[in-house]
Structure formats: structure tokens, C-alpha cells
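Colleague: Data file entry_20.csv (CSV, C-alpha atoms) is appended below.
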chain,number,residue,atom,x,y,z
R,93,MET,CA,27.7,-34.9,-51.0
R,94,GLY,CA,27.6,-38.6,-51.9
R,95,ASN,CA,24.5,-40.4,-52.9
R,96,PRO,CA,22.1,-41.6,-50.1
R,97,LEU,CA,22.9,-45.3,-50.7
R,98,SER,CA,26.6,-44.7,-50.3
R,99,GLU,CA,26.0,-42.8,-47.1
R,100,SER,CA,23.9,-45.6,-45.7
R,101,LEU,CA,26.5,-48.2,-46.7
R,102,ALA,CA,29.2,-46.1,-45.0
R,103,ALA,CA,27.0,-45.9,-41.8
R,104,GLY,CA,27.0,-49.8,-41.8
R,105,ASP,CA,23.3,-50.0,-42.6
R,106,ARG,CA,22.6,-53.7,-43.3
R,107,GLU,CA,19.5,-52.9,-45.3
R,108,ALA,CA,21.6,-50.8,-47.6
R,109,PHE,CA,23.9,-53.7,-48.2
R,110,ALA,CA,20.9,-55.9,-48.9
R,111,ALA,CA,19.5,-53.4,-51.3
R,112,LEU,CA,22.8,-53.2,-53.1
R,113,TYR,CA,23.0,-57.0,-53.3
R,114,ASP,CA,19.5,-57.2,-54.8
R,115,ARG,CA,20.3,-54.5,-57.3
R,116,LEU,CA,23.7,-55.7,-58.5
R,117,ALA,CA,24.6,-59.2,-57.3
R,118,GLN,CA,23.1,-61.1,-60.2
R,119,ARG,CA,24.9,-58.9,-62.7
R,120,LEU,CA,28.2,-59.1,-60.8
R,121,PHE,CA,27.9,-62.9,-60.5
R,122,ALA,CA,27.1,-63.4,-64.2
R,123,THR,CA,30.0,-61.1,-65.1
R,124,ALA,CA,32.4,-63.0,-62.9
R,125,ARG,CA,31.2,-66.3,-64.1
R,126,THR,CA,31.8,-65.4,-67.7
R,127,MET,CA,35.2,-63.9,-67.0
R,128,LEU,CA,36.3,-67.0,-64.9
R,129,ALA,CA,34.3,-69.7,-66.7
R,130,SER,CA,33.3,-71.0,-63.3
R,131,ALA,CA,30.2,-70.5,-61.3
R,132,THR,CA,31.9,-71.7,-58.1
R,133,GLU,CA,34.7,-69.2,-58.4
R,134,ALA,CA,32.2,-66.5,-59.4
R,135,GLU,CA,30.4,-67.1,-56.1
R,136,ASP,CA,33.6,-66.7,-54.2
R,137,VAL,CA,34.5,-63.5,-55.9
R,138,VAL,CA,31.1,-61.9,-55.3
R,139,HIS,CA,31.0,-63.1,-51.7
R,140,ASP,CA,34.4,-61.6,-51.0
R,141,LEU,CA,33.6,-58.5,-52.9
R,142,PHE,CA,30.6,-57.7,-50.6
R,143,VAL,CA,32.7,-58.5,-47.5
R,144,GLU,CA,35.5,-56.2,-48.8
R,145,LEU,CA,32.9,-53.5,-49.5
R,146,ALA,CA,31.7,-53.7,-45.9
R,147,ARG,CA,35.3,-53.5,-44.7
R,148,ILE,CA,36.0,-50.3,-46.7
R,149,ARG,CA,32.5,-48.8,-46.4
R,150,HIS,CA,33.9,-45.5,-44.9
R,151,ARG,CA,35.4,-44.7,-48.3
R,152,LEU,CA,32.2,-45.1,-50.2
R,153,PRO,CA,30.7,-41.6,-49.9
R,154,GLY,CA,33.6,-40.3,-51.9
R,155,ILE,CA,32.9,-42.6,-54.8
R,156,ALA,CA,31.1,-40.9,-57.6
R,157,ASP,CA,30.0,-44.0,-59.5
R,158,LEU,CA,29.3,-46.8,-57.0
R,159,ASP,CA,28.2,-49.4,-59.7
R,160,GLY,CA,31.3,-48.7,-61.7
R,161,TYR,CA,33.4,-48.9,-58.5
R,162,LEU,CA,32.0,-52.4,-57.8
R,163,PHE,CA,32.6,-53.6,-61.3
R,164,THR,CA,36.1,-52.3,-61.1
R,165,MET,CA,36.6,-54.2,-57.8
R,166,LEU,CA,35.2,-57.3,-59.4
R,167,ARG,CA,37.5,-57.0,-62.3
R,168,HIS,CA,40.5,-56.7,-60.0
R,169,ALA,CA,39.3,-59.7,-58.0
R,170,VAL,CA,38.9,-61.7,-61.1
R,171,GLY,CA,42.3,-60.7,-62.3
R,172,ARG,CA,43.9,-61.9,-59.1
R,173,ARG,CA,42.1,-65.2,-59.5
R,174,LEU,CA,43.3,-65.6,-63.1
R,175,LYS,CA,46.8,-64.8,-62.0
R,176,ARG,CA,46.6,-67.4,-59.3
R,177,ARG,CA,45.5,-70.0,-61.8
R,178,SER,CA,48.4,-69.1,-64.0
R,179,LEU,CA,50.7,-69.7,-61.1
R,180,GLY,CA,49.9,-73.4,-61.3
R,181,ARG,CA,47.1,-73.7,-58.8
R,182,ARG,CA,44.5,-74.7,-61.3
R,183,THR,CA,44.7,-78.3,-60.2
R,184,ILE,CA,43.7,-77.5,-56.6
R,185,ASP,CA,40.7,-75.4,-57.8
R,186,ARG,CA,39.7,-78.2,-60.2
R,187,LEU,CA,39.9,-80.8,-57.5
R,188,GLY,CA,37.8,-78.5,-55.3
R,189,ARG,CA,35.1,-78.2,-57.9
R,190,GLU,CA,35.1,-81.9,-58.5
R,191,ARG,CA,34.8,-82.5,-54.8
R,192,ALA,CA,32.2,-79.9,-54.5
R,193,ASP,CA,30.2,-81.7,-57.2
R,194,ALA,CA,30.7,-85.0,-55.3
R,195,ASP,CA,29.5,-83.4,-52.1
R,196,GLY,CA,26.3,-82.1,-53.8
R,197,PHE,CA,27.3,-78.5,-54.0
R,198,GLU,CA,25.8,-76.7,-56.9
R,199,THR,CA,28.6,-75.7,-59.3
R,200,ARG,CA,26.7,-75.7,-62.5
R,201,LEU,CA,23.8,-73.3,-62.7
R,202,PRO,CA,20.4,-74.3,-63.9
R,203,GLY,CA,19.4,-72.6,-67.1
R,204,MET,CA,22.9,-72.5,-68.5
R,205,PRO,CA,22.9,-75.4,-71.0
R,206,ASP,CA,24.7,-73.5,-73.8
R,207,GLU,CA,28.0,-75.3,-73.3
R,208,LYS,CA,29.2,-74.7,-76.8
R,209,LEU,CA,28.7,-71.0,-76.6
R,210,ALA,CA,30.1,-70.9,-73.1
R,211,GLY,CA,33.2,-72.8,-74.4
R,212,ALA,CA,33.6,-70.3,-77.2
R,213,VAL,CA,33.4,-67.4,-74.8
R,214,ALA,CA,35.9,-69.1,-72.5
R,215,ALA,CA,38.3,-69.4,-75.4
R,216,LEU,CA,38.3,-65.7,-76.1
R,217,PRO,CA,41.4,-63.6,-75.2
R,218,PRO,CA,40.9,-62.2,-71.7
R,219,THR,CA,40.6,-58.6,-72.8
R,220,GLN,CA,37.8,-59.5,-75.2
R,221,ARG,CA,36.1,-61.9,-72.8
R,222,GLU,CA,35.9,-59.2,-70.1
R,223,VAL,CA,34.3,-56.8,-72.4
R,224,ILE,CA,31.7,-59.4,-73.4
R,225,ALA,CA,31.1,-60.1,-69.7
R,226,LEU,CA,30.8,-56.4,-68.7
R,227,LYS,CA,28.5,-55.6,-71.7
R,228,ILE,CA,26.3,-58.7,-71.8
R,229,ASP,CA,26.3,-59.9,-68.2
R,230,GLY,CA,27.0,-56.6,-66.4
R,231,GLY,CA,24.7,-54.6,-68.6
R,232,LEU,CA,27.2,-51.7,-68.8
R,233,THR,CA,27.5,-49.2,-71.6
R,234,PHE,CA,30.8,-48.9,-73.6
R,235,ALA,CA,31.5,-45.7,-71.7
R,236,GLU,CA,31.0,-47.4,-68.4
R,237,ILE,CA,33.1,-50.4,-69.5
R,238,ALA,CA,35.9,-48.0,-70.6
R,239,ALA,CA,35.9,-46.5,-67.1
R,240,VAL,CA,36.1,-49.9,-65.5
R,241,ILE,CA,38.9,-51.3,-67.6
R,242,GLY,CA,40.7,-48.0,-68.0
R,243,THR,CA,40.6,-47.5,-71.7
R,244,SER,CA,38.5,-45.5,-74.2
R,245,ALA,CA,35.0,-46.2,-75.1
R,246,ASN,CA,36.1,-46.8,-78.7
R,247,THR,CA,38.6,-49.4,-77.7
R,248,ALA,CA,36.0,-51.1,-75.5
R,249,ALA,CA,33.5,-51.1,-78.5
R,250,SER,CA,36.2,-52.5,-80.8
R,251,ARG,CA,37.1,-55.3,-78.4
R,252,TYR,CA,33.4,-56.2,-78.2
R,253,ARG,CA,33.0,-56.3,-82.0
R,254,TYR,CA,36.1,-58.4,-82.4
R,255,ALA,CA,34.8,-60.8,-79.7
R,256,ILE,CA,31.4,-61.1,-81.3
R,257,GLU,CA,33.1,-61.8,-84.6
R,258,LYS,CA,35.3,-64.5,-83.1
R,259,LEU,CA,32.3,-66.1,-81.5
R,260,ARG,CA,30.4,-66.0,-84.7
R,261,ALA,CA,33.3,-67.6,-86.5
R,262,ALA,CA,33.8,-70.2,-83.8
R,263,LEU,CA,30.2,-71.5,-84.0
R,264,VAL,CA,28.9,-73.3,-86.9
R,265,PRO,CA,26.9,-70.7,-88.9
R,266,ASP,CA,23.6,-72.5,-88.8
R,267,GLU,CA,24.1,-72.9,-85.0
R,268,VAL,CA,24.5,-69.2,-84.2
R,269,SER,CA,20.8,-68.5,-84.2
R,270,ARG,CA,19.6,-71.7,-82.8
L,130,MET,CA,25.5,-61.3,-97.2
L,131,THR,CA,25.8,-58.3,-94.8
L,132,ASP,CA,22.2,-58.7,-93.7
L,133,ARG,CA,22.9,-62.4,-92.9
L,134,THR,CA,26.0,-61.5,-90.9
L,135,ASP,CA,24.1,-58.8,-89.0
L,136,ALA,CA,21.3,-61.3,-88.3
L,137,GLN,CA,23.8,-63.8,-87.0
L,138,ARG,CA,25.4,-61.2,-84.9
L,139,LEU,CA,22.1,-60.2,-83.4
L,140,ALA,CA,21.1,-63.8,-82.8
L,141,LEU,CA,24.5,-64.4,-81.1
L,142,GLU,CA,24.0,-61.4,-78.8
L,143,GLN,CA,20.5,-62.7,-77.9
L,144,ARG,CA,22.0,-66.1,-77.1
L,145,LEU,CA,24.6,-64.6,-74.9
L,146,GLU,CA,22.0,-62.6,-73.1
L,147,ARG,CA,20.0,-65.8,-72.5
L,148,MET,CA,23.0,-67.5,-71.1
L,149,SER,CA,23.6,-64.6,-68.7
L,150,ARG,CA,20.3,-64.9,-67.0
L,151,ALA,CA,21.4,-67.6,-64.6
L,152,ARG,CA,21.4,-66.5,-61.0
L,153,PRO,CA,23.5,-67.7,-58.0
L,154,PRO,CA,21.9,-70.4,-55.8
L,155,SER,CA,19.1,-69.1,-53.6
L,156,SER,CA,21.1,-69.6,-50.4
L,157,PHE,CA,23.8,-67.4,-51.7
L,158,ARG,CA,22.1,-64.1,-50.7
L,159,ARG,CA,21.8,-65.2,-47.1
L,160,ARG,CA,25.4,-66.3,-47.0
L,161,VAL,CA,26.8,-63.1,-48.4
L,162,LEU,CA,24.7,-60.9,-46.2
L,163,SER,CA,25.6,-62.9,-43.2
L,164,ALA,CA,29.3,-62.4,-44.0
L,165,VAL,CA,28.6,-58.7,-44.4
L,166,ASP,CA,26.9,-58.7,-41.0
L,167,ASP,CA,30.0,-60.3,-39.5
L,168,MET,CA,32.2,-57.6,-41.0
L,169,LEU,CA,29.9,-54.8,-39.9
L,170,TYR,CA,29.1,-56.0,-36.4
L,171,GLY,CA,32.1,-58.2,-35.7
L,172,THR,CA,30.0,-61.3,-34.8
L,173,PRO,CA,32.6,-63.4,-33.1
L,174,HIS,CA,33.1,-67.1,-34.0
L,175,GLU,CA,35.9,-68.4,-31.8
L,176,THR,CA,35.9,-71.8,-33.5
L,177,VAL,CA,34.9,-72.8,-37.0
L,178,PRO,CA,34.4,-76.6,-36.9
L,179,GLY,CA,34.5,-77.0,-40.7
L,180,THR,CA,30.9,-76.2,-41.3
L,181,LYS,CA,29.4,-73.8,-43.8
L,182,SER,CA,27.7,-71.6,-41.2
L,183,GLY,CA,30.1,-70.4,-38.6
L,184,TRP,CA,32.7,-67.9,-39.7
L,185,SER,CA,34.5,-65.0,-38.4
L,186,GLY,CA,35.4,-61.8,-40.2
L,187,GLY,CA,38.1,-61.1,-37.8
L,188,SER,CA,39.8,-62.2,-34.6
L,189,PRO,CA,37.6,-62.6,-31.5
L,190,SER,CA,38.3,-60.3,-28.7
L,191,LEU,CA,39.4,-61.7,-25.3
L,192,ARG,CA,37.5,-59.0,-23.5
L,193,SER,CA,34.3,-59.9,-21.8
L,194,PRO,CA,32.3,-58.0,-19.2
L,195,ASP,CA,32.6,-60.9,-16.9
L,196,LEU,CA,36.3,-61.0,-16.9
L,197,VAL,CA,38.3,-58.8,-14.5
L,198,PRO,CA,41.4,-57.1,-16.0
L,199,GLY,CA,43.8,-59.5,-14.3
L,200,THR,CA,42.0,-62.5,-15.9
L,201,VAL,CA,42.3,-60.8,-19.3
L,202,PHE,CA,46.0,-60.3,-18.7
L,203,VAL,CA,46.6,-63.9,-17.7
L,204,LEU,CA,44.6,-65.2,-20.7
L,205,ALA,CA,46.6,-62.9,-23.0
L,206,ILE,CA,49.8,-64.3,-21.6
L,207,ALA,CA,48.5,-67.9,-21.9
L,208,THR,CA,47.5,-67.3,-25.5
L,209,ALA,CA,50.9,-65.8,-26.4
L,210,ILE,CA,52.6,-68.8,-24.9
L,211,ALA,CA,50.3,-71.2,-26.8
L,212,VAL,CA,51.0,-69.3,-30.1
L,213,VAL,CA,54.8,-69.5,-29.5
L,214,ALA,CA,54.6,-73.2,-28.7
L,215,LEU,CA,52.4,-74.0,-31.6
L,216,SER,CA,54.6,-72.0,-33.9
L,217,ALA,CA,57.6,-73.9,-32.8
L,218,SER,CA,55.8,-77.2,-33.4
L,219,ALA,CA,54.8,-75.9,-36.9
L,220,ILE,CA,58.3,-75.1,-37.8
L,221,SER,CA,59.6,-78.5,-36.7
L,222,THR,CA,56.8,-80.5,-38.3
L,223,SER,CA,57.0,-81.7,-41.8
L,224,PRO,CA,54.1,-80.8,-44.1
L,225,VAL,CA,51.3,-83.2,-43.6
L,226,PRO,CA,50.3,-85.0,-46.8
L,227,LEU,CA,46.7,-84.1,-46.9
L,228,THR,CA,44.1,-85.9,-48.9
L,229,LEU,CA,40.8,-84.6,-50.0
L,230,ASP,CA,39.2,-86.7,-47.2
L,231,ASP,CA,41.0,-84.8,-44.5
L,232,ARG,CA,39.2,-82.5,-42.2
L,233,VAL,CA,40.4,-79.2,-40.9
L,234,ARG,CA,39.2,-77.1,-38.0
L,235,LEU,CA,40.2,-73.5,-37.9
L,236,THR,CA,40.4,-71.5,-34.7
L,237,CYS,CA,41.4,-67.9,-34.1
L,238,VAL,CA,44.3,-67.4,-31.7
L,239,GLY,CA,44.8,-63.7,-31.6
L,240,ASP,CA,45.8,-62.6,-35.1
L,241,HIS,CA,46.8,-66.1,-36.0
L,242,VAL,CA,44.7,-69.0,-37.3
L,243,LEU,CA,45.2,-72.3,-35.7
L,244,ALA,CA,44.6,-75.2,-38.1
L,245,THR,CA,43.8,-78.5,-36.6
L,246,LEU,CA,44.2,-81.1,-39.3
L,247,THR,CA,43.1,-84.7,-39.1
L,248,ALA,CA,44.9,-86.7,-41.7
L,249,ASN,CA,45.1,-90.5,-41.7
L,250,ALA,CA,43.9,-90.7,-38.1
L,251,ARG,CA,46.6,-88.3,-37.0
L,252,THR,CA,45.8,-84.9,-35.6
L,253,THR,CA,48.2,-82.1,-36.1
L,254,ASP,CA,48.0,-78.5,-35.0
L,255,LEU,CA,49.7,-75.9,-37.1
L,256,VAL,CA,49.6,-72.1,-36.8
L,257,LEU,CA,49.1,-70.2,-40.0
L,258,ARG,CA,50.6,-66.8,-39.8
L,259,PRO,CA,50.2,-64.0,-40.5
L,260,ARG,CA,47.0,-65.3,-41.9
L,261,ARG,CA,43.7,-64.2,-40.6
L,262,MET,CA,40.4,-66.0,-40.7
L,263,ASP,CA,39.0,-63.7,-43.4
L,264,ASP,CA,42.0,-64.5,-45.7
L,265,ILE,CA,40.5,-68.0,-46.2
L,266,PRO,CA,37.4,-68.4,-48.3
L,267,ALA,CA,34.6,-69.2,-45.9
L,268,HIS,CA,31.7,-70.9,-47.5
L,269,ARG,CA,32.9,-74.1,-49.0
L,270,ASP,CA,34.2,-76.7,-46.7
L,271,THR,CA,36.1,-78.5,-49.4
L,272,LEU,CA,37.7,-75.4,-50.7
L,273,ARG,CA,38.6,-74.4,-47.1
L,274,VAL,CA,40.4,-77.6,-46.7
L,275,LEU,CA,42.2,-77.1,-50.0
L,276,ASP,CA,43.0,-73.5,-49.1
L,277,ALA,CA,44.3,-74.6,-45.7
L,278,HIS,CA,46.5,-77.1,-47.6
L,279,ARG,CA,47.8,-74.3,-49.8
L,280,LEU,CA,48.4,-72.0,-46.9
L,281,LEU,CA,50.3,-74.7,-45.1
L,282,GLN,CA,52.5,-75.2,-48.1
L,283,GLU,CA,53.2,-71.5,-48.1
L,284,THR,CA,53.8,-71.3,-44.4
L,285,LEU,CA,56.0,-74.3,-43.8
What would you get if you wrote out this structure as C-alpha cells?

Modeller:
Amino acid sequence: MGNPLSESLAAGDREAFAALYDRLAQRLFATARTMLASATEAEDVVHDLFVELARIRHRLPGIADLDGYLFTMLRHAVGRRLKRRSLGRRTIDRLGRERADADGFETRLPGMPDEKLAGAVAALPPTQREVIALKIDGGLTFAEIAAVIGTSANTAASRYRYAIEKLRAALVPDEVSR
Amino acid sequence: MTDRTDAQRLALEQRLERMSRARPPSSFRRRVLSAVDDMLYGTPHETVPGTKSGWSGGSPSLRSPDLVPGTVFVLAIATAIAVVALSASAISTSPVPLTLDDRVRLTCVGDHVLATLTANARTTDLVLRPRRMDDIPAHRDTLRVLDAHRLLQETL
């Protein structure tokens, strides 16, 4: 027997999708934004994730951990985006963002002025950056992160520690606690 | 020394948490749930004139209660002929050098997407296949143009 929310989602209940959005969208968005270092792309990923979720809704009652499932979907979607970038399409995306700025689209979020820290996070290796994103932005435990990325909780915790250490080293000491 | 390191680590985590509080734009919720609705209920949008609102999660159906079966059949044949003709024109047409000022209108034709591009005062119709509407990001006109450009490069 699945959980009631999954059953409602599977039945195509739009209120259930709205409830799921209200519960998780901000965390998913923030996680994707940190992983991708782009608010615009994070919007696209979360948008497409919910649409995909509606498409495959009939499978949801069989999912034991819906939140973990969504974060796993998000991680895969981000992975595909990053792969696309590495295939040389970064220029198109950058031009799109520049044009979006010129057209008045909001690509930089209010309340995110910490560019130095954001830059340091973006410079982390992808495996460490995703753990930071899932822990800080997603609010997941190390056990949940381990399930999402397919590793052990100890490995997830280690990657997190290394990432924090790198960030600390990357920022001027007296700036860390500003 | 260790205390100082721990304090720095803690401060850093707090700073990361502050940074993560930002939310998507207020219009984003409506946009996402509207797209979900389209997927759930198949709201048809036969033409997407390059705006942020109209978008189809799939191909529109030719069936309508007002149409008799013979009409449906004729329309299906006409659509198939149009797709073949447009495909042939796509194959014989060189890629259009798009600029960021170009406009694109996407229209569903069966399982294909017809892209009408207006570039340098010329209008060109191209069929993107086997692309479907929902393969193309929906909610940013500029990115949609760019994605159309990318799809064209892949298709031609």
C-alpha cells in the first residue's frame, strides 16, 4: 500500500501535485541551482521534473520514498544538463541567459548576493558540490543523500566534509564568518 | 586552533544555508502547475506563437465531436501529405543562419513539430522530427528559439 499522496498523484489529482510542489519545489530548486550554478537552468530542471512526474504518475504508488525519488530524478536531470554543457553547448545556454537578462527575465535571484561563496561552491568537484547541494539546499540526511547518489552514508559524509574544508580554504579566513 | 576551525566551519554552513533560502520567481509555481495540468488533462494547444503561455504537453488530436469520420480521414491524409512535403523541403533547405533576434513559431503536426522561422525577413518552414512539443523547453521564448536552432542543427 503506497502513501496517500502517491495514490493521489497517480490518480492525477492536481491538488496533490500542488501540495507536492509547495512541499518540495523550493528545496529542489535550490539544490538544482547549486548543482548547476544557474537559477535559469534550475527553473527548467524543476519545471521539467514536475511535468515528467505527471507523465509517469502511475508508477508512483510503488515508490517507497517519494522525496528521495524526486531528488534522484533531479540529480539525473542535472547530470544530463551538465553532460550537455560538456558537449560544447555552453555558449548557447550562456547566450540564452544573456538574452533572458536583456529581455527582463529574472535570472538572478533576489537574496543571493553571496557571489564569492557561490563561486567557491561552483568551483567544487561535481561529486562534492552535489553533496553540498543535497545537504544544505535539499535538507537531506547523509543516509538520504547516500540513497540518492548510490553510495554509502559514510562516503556522503566524507564528501561533505571535504567540500566544507575546500570552501573554508577557498575563502579568506576572516571572510568565512562574515 | 581546532575551536577556531570548528567555528569557521559552522559559520560557513550558516552562510551556505542563508544562500539557499532564495526561492524561484513567484510566477514559477503557476507555470509549473499549468504544465502539469497540460500533462494530466492533455490541454491541447495547436499552435504556440512564441509566447510564454500557450504550450502543449503532447500532440493535439484531430478528433472532434463536430467532425464526421470521413472528415477526420481526409484531414489525416492532408496532414500526412503536408508532413511529407515539409520534410522534403526541410531536407533540401540549407540550415538557416539564425540570429538571436529571430522568431520561431512551433506548431504540432501529428507527432512532428513544425517550426516556422522568421530570419532576416525570410520565413522558412521546417519539420523537426521525431521531436515532440514537450521535448523543447517551454517557458522561455529566447531559450525556445535557441533550442529550435539546436534542434535544427541536429535535424538537418

Colleague: By how many Å are atom CA of Gly171 of chain L and atom CA of Arg173 of chain R apart?

Modeller: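 Straight-line distance from atom CA of Gly171 of chain L to atom CA of Arg173 of chain R works out to 26.7 Å.
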
Colleague: Residues of chain L within 6 Å of chain R, counting all atoms listed in the file - could you list those as a list in words?

Modeller: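 Every residue of chain L that passes the 6 Å test is in Ala140, Leu141, Glu146, Met148, Ser149, Ala151, Arg152, Val161, Val165 and Leu272 of chain L.
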
Colleague: What gap, in Å, lies between atom CA of Thr247 of chain R and atom CA of Ala129 of chain R?

Modeller: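 Value for the atom CA of Thr247 of chain R-atom CA of Ala129 of chain R distance: 23.5 Å.
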
Colleague: For the point (37.8, -49.2, -71.3) in file coordinates, what residues are within 12 Å, counting all atoms listed in the file? Give the answer as a PyMOL selection string?

Modeller: chain R and resi 160+164+167+219-220+222-223+226-227+232-252

Colleague: Give me, please, the distance in Å between atom CA of Pro218 of chain R and atom CA of Ile148 of chain R, quoted to one decimal.

Modeller: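 Spanning atom CA of Pro218 of chain R to atom CA of Ile148 of chain R is a straight-line distance of 28.1 Å.
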